[in-house]
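Below you'll find the structure, written out as structure tokens, and then a few comments.
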Amino acid sequence: MNIFDKAKDALNSDKAEEITDMGLNAVSGAADKVTGGKYTEKIEGARDSIDEKLGNDGA
């Protein structure tokens, strides 16, 4: 297994999924707070869309 395979495995790990989810939750929570909850559905939709692209399990 070369270094690129190891990096790919690390990025597709459960730990990487947890880290991206934490970041997305923090950013979406901050955006929701700044907008006073006015755009909650749109923010959550954008968060979910980004998670599908970044996440390794599509959730």
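Ordered as shown in the structure tokens, chains take letters A, B, and onward, while each chain numbers its residues from 1 and ligands are numbered from 1 in the order shown.
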
Which residues are close to region 29-33 of chain A, i.e. within 10 Å by only C-alpha atoms, leaving aside same-chain residues fewer than 4 positions away? Reply as a PDB file with N, CA and C atoms, in the first residue's frame.
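Generated output (around16.pdb):
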ATOM      1  N   GLY A  23     -17.491  20.215  11.645  1.00  0.00           N
ATOM      2  CA  GLY A  23     -17.248  21.493  10.987  1.00  0.00           C
ATOM      3  C   GLY A  23     -18.493  22.037  10.315  1.00  0.00           C
ATOM      4  N   LEU A  24     -19.192  21.168   9.604  1.00  0.00           N
ATOM      5  CA  LEU A  24     -20.418  21.595   8.917  1.00  0.00           C
ATOM      6  C   LEU A  24     -21.491  22.018   9.918  1.00  0.00           C
ATOM      7  N   ASN A  25     -21.594  21.292  11.017  1.00  0.00           N
ATOM      8  CA  ASN A  25     -22.576  21.652  12.039  1.00  0.00           C
ATOM      9  C   ASN A  25     -22.250  23.009  12.652  1.00  0.00           C
ATOM     10  N   GLY A  37     -32.421  32.563  12.346  1.00  0.00           N
ATOM     11  CA  GLY A  37     -33.299  31.440  12.042  1.00  0.00           C
ATOM     12  C   GLY A  37     -34.187  31.666  10.823  1.00  0.00           C
ATOM     13  N   LYS A  38     -33.988  32.783  10.145  1.00  0.00           N
ATOM     14  CA  LYS A  38     -34.833  33.133   9.006  1.00  0.00           C
ATOM     15  C   LYS A  38     -34.644  32.178   7.823  1.00  0.00           C
ATOM     16  N   TYR A  39     -33.460  31.622   7.689  1.00  0.00           N
ATOM     17  CA  TYR A  39     -33.139  30.756   6.547  1.00  0.00           C
ATOM     18  C   TYR A  39     -32.740  29.342   6.974  1.00  0.00           C
ATOM     19  N   THR A  40     -33.292  28.878   8.066  1.00  0.00           N
ATOM     20  CA  THR A  40     -32.920  27.580   8.623  1.00  0.00           C
ATOM     21  C   THR A  40     -33.023  26.452   7.601  1.00  0.00           C
ATOM     22  N   GLU A  41     -34.127  26.381   6.892  1.00  0.00           N
ATOM     23  CA  GLU A  41     -34.309  25.283   5.928  1.00  0.00           C
ATOM     24  C   GLU A  41     -33.278  25.337   4.806  1.00  0.00           C
ATOM     25  N   LYS A  42     -32.989  26.519   4.314  1.00  0.00           N
ATOM     26  CA  LYS A  42     -32.001  26.654   3.243  1.00  0.00           C
ATOM     27  C   LYS A  42     -30.600  26.316   3.750  1.00  0.00           C
ATOM     28  N   ILE A  43     -30.291  26.752   4.957  1.00  0.00           N
ATOM     29  CA  ILE A  43     -28.982  26.464   5.543  1.00  0.00           C
ATOM     30  C   ILE A  43     -28.820  24.964   5.747  1.00  0.00           C
ATOM     31  N   GLU A  44     -29.844  24.310   6.277  1.00  0.00           N
ATOM     32  CA  GLU A  44     -29.775  22.862   6.489  1.00  0.00           C
ATOM     33  C   GLU A  44     -29.656  22.119   5.164  1.00  0.00           C
ATOM     34  N   ARG A  47     -26.133  22.525   3.986  1.00  0.00           N
ATOM     35  CA  ARG A  47     -25.265  21.706   4.841  1.00  0.00           C
ATOM     36  C   ARG A  47     -25.328  20.239   4.419  1.00  0.00           C
TER      37      ARG A  47
END

**Report entry** In chain A, DSSP helix (DSSP H, G or I) residues written as a PyMOL selection string
**Finding:** chain A and resi 3-11+14-34+40-54

Okay, now the selection with N, CA and C atoms, as a compact mmCIF listing (two decimals), in the first residue's frame?
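That gives us part-v4.txt:
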# COMPACT_ATOMS: atom_id res chain seq x y z
N ILE A 3 1.60 5.56 -0.18
CA ILE A 3 1.18 6.70 0.65
C ILE A 3 -0.16 7.27 0.18
N PHE A 4 -0.43 7.24 -1.12
CA PHE A 4 -1.69 7.76 -1.63
C PHE A 4 -2.87 6.89 -1.20
N ASP A 5 -2.67 5.58 -1.19
CA ASP A 5 -3.72 4.68 -0.72
C ASP A 5 -4.00 4.91 0.77
N LYS A 6 -2.94 5.13 1.55
CA LYS A 6 -3.10 5.39 2.98
C LYS A 6 -3.86 6.69 3.21
N ALA A 7 -3.53 7.71 2.42
CA ALA A 7 -4.22 9.00 2.55
C ALA A 7 -5.69 8.86 2.17
N LYS A 8 -5.96 8.13 1.12
CA LYS A 8 -7.35 7.92 0.69
C LYS A 8 -8.13 7.18 1.76
N ASP A 9 -7.52 6.16 2.35
CA ASP A 9 -8.18 5.42 3.43
C ASP A 9 -8.47 6.32 4.62
N ALA A 10 -7.53 7.19 4.95
CA ALA A 10 -7.71 8.10 6.08
C ALA A 10 -8.85 9.08 5.81
N LEU A 11 -8.94 9.58 4.60
CA LEU A 11 -10.01 10.52 4.26
C LEU A 11 -11.38 9.86 4.22
N ASP A 14 -14.15 6.77 9.37
CA ASP A 14 -15.23 7.27 10.21
C ASP A 14 -14.79 8.53 10.95
N LYS A 15 -13.53 8.60 11.34
CA LYS A 15 -13.01 9.78 12.05
C LYS A 15 -13.08 11.01 11.14
N ALA A 16 -12.72 10.86 9.88
CA ALA A 16 -12.81 11.97 8.94
C ALA A 16 -14.26 12.42 8.77
N GLU A 17 -15.17 11.48 8.74
CA GLU A 17 -16.60 11.79 8.65
C GLU A 17 -17.04 12.60 9.87
N GLU A 18 -16.59 12.20 11.05
CA GLU A 18 -16.94 12.92 12.27
C GLU A 18 -16.42 14.36 12.22
N ILE A 19 -15.20 14.52 11.74
CA ILE A 19 -14.58 15.85 11.68
C ILE A 19 -15.33 16.75 10.71
N THR A 20 -15.65 16.23 9.52
CA THR A 20 -16.38 17.06 8.56
C THR A 20 -17.78 17.40 9.09
N ASP A 21 -18.42 16.45 9.74
CA ASP A 21 -19.75 16.72 10.30
C ASP A 21 -19.68 17.80 11.38
N MET A 22 -18.67 17.73 12.24
CA MET A 22 -18.53 18.75 13.28
C MET A 22 -18.33 20.14 12.67
N GLY A 23 -17.49 20.22 11.64
CA GLY A 23 -17.25 21.49 10.99
C GLY A 23 -18.49 22.04 10.32
N LEU A 24 -19.19 21.17 9.60
CA LEU A 24 -20.42 21.60 8.92
C LEU A 24 -21.49 22.02 9.92
N ASN A 25 -21.59 21.29 11.02
CA ASN A 25 -22.58 21.65 12.04
C ASN A 25 -22.25 23.01 12.65
N ALA A 26 -20.97 23.27 12.90
CA ALA A 26 -20.56 24.55 13.48
C ALA A 26 -20.87 25.70 12.53
N VAL A 27 -20.52 25.52 11.27
CA VAL A 27 -20.74 26.58 10.29
C VAL A 27 -22.23 26.82 10.06
N SER A 28 -22.99 25.75 9.91
CA SER A 28 -24.43 25.93 9.67
C SER A 28 -25.12 26.52 10.90
N GLY A 29 -24.67 26.12 12.08
CA GLY A 29 -25.24 26.69 13.31
C GLY A 29 -24.94 28.18 13.43
N ALA A 30 -23.72 28.56 13.08
CA ALA A 30 -23.35 29.98 13.12
C ALA A 30 -24.15 30.78 12.10
N ALA A 31 -24.30 30.24 10.90
CA ALA A 31 -25.07 30.93 9.86
C ALA A 31 -26.53 31.09 10.29
N ASP A 32 -27.08 30.05 10.91
CA ASP A 32 -28.46 30.11 11.37
C ASP A 32 -28.62 31.16 12.47
N LYS A 33 -27.64 31.23 13.35
CA LYS A 33 -27.68 32.21 14.43
C LYS A 33 -27.59 33.63 13.89
N VAL A 34 -26.68 33.86 12.96
CA VAL A 34 -26.49 35.19 12.38
C VAL A 34 -27.75 35.65 11.64
N THR A 40 -33.29 28.88 8.07
CA THR A 40 -32.92 27.58 8.62
C THR A 40 -33.02 26.45 7.60
N GLU A 41 -34.13 26.38 6.89
CA GLU A 41 -34.31 25.28 5.93
C GLU A 41 -33.28 25.34 4.81
N LYS A 42 -32.99 26.52 4.31
CA LYS A 42 -32.00 26.65 3.24
C LYS A 42 -30.60 26.32 3.75
N ILE A 43 -30.29 26.75 4.96
CA ILE A 43 -28.98 26.46 5.54
C ILE A 43 -28.82 24.96 5.75
N GLU A 44 -29.84 24.31 6.28
CA GLU A 44 -29.77 22.86 6.49
C GLU A 44 -29.66 22.12 5.16
N GLY A 45 -30.37 22.59 4.15
CA GLY A 45 -30.28 21.97 2.83
C GLY A 45 -28.88 22.08 2.25
N ALA A 46 -28.29 23.26 2.38
CA ALA A 46 -26.92 23.47 1.89
C ALA A 46 -25.94 22.61 2.67
N ARG A 47 -26.13 22.52 3.99
CA ARG A 47 -25.27 21.71 4.84
C ARG A 47 -25.33 20.24 4.42
N ASP A 48 -26.53 19.75 4.19
CA ASP A 48 -26.70 18.35 3.78
C ASP A 48 -26.09 18.08 2.41
N SER A 49 -26.25 19.02 1.51
CA SER A 49 -25.67 18.87 0.17
C SER A 49 -24.15 18.79 0.23
N ILE A 50 -23.55 19.67 1.02
CA ILE A 50 -22.10 19.65 1.17
C ILE A 50 -21.65 18.36 1.84
N ASP A 51 -22.40 17.90 2.84
CA ASP A 51 -22.04 16.67 3.54
C ASP A 51 -22.06 15.47 2.59
N GLU A 52 -23.01 15.44 1.68
CA GLU A 52 -23.07 14.34 0.71
C GLU A 52 -21.82 14.30 -0.16
N LYS A 53 -21.31 15.49 -0.49
CA LYS A 53 -20.12 15.56 -1.34
C LYS A 53 -18.83 15.26 -0.57
N LEU A 54 -18.78 15.69 0.70
CA LEU A 54 -17.58 15.49 1.50
C LEU A 54 -17.58 14.17 2.26
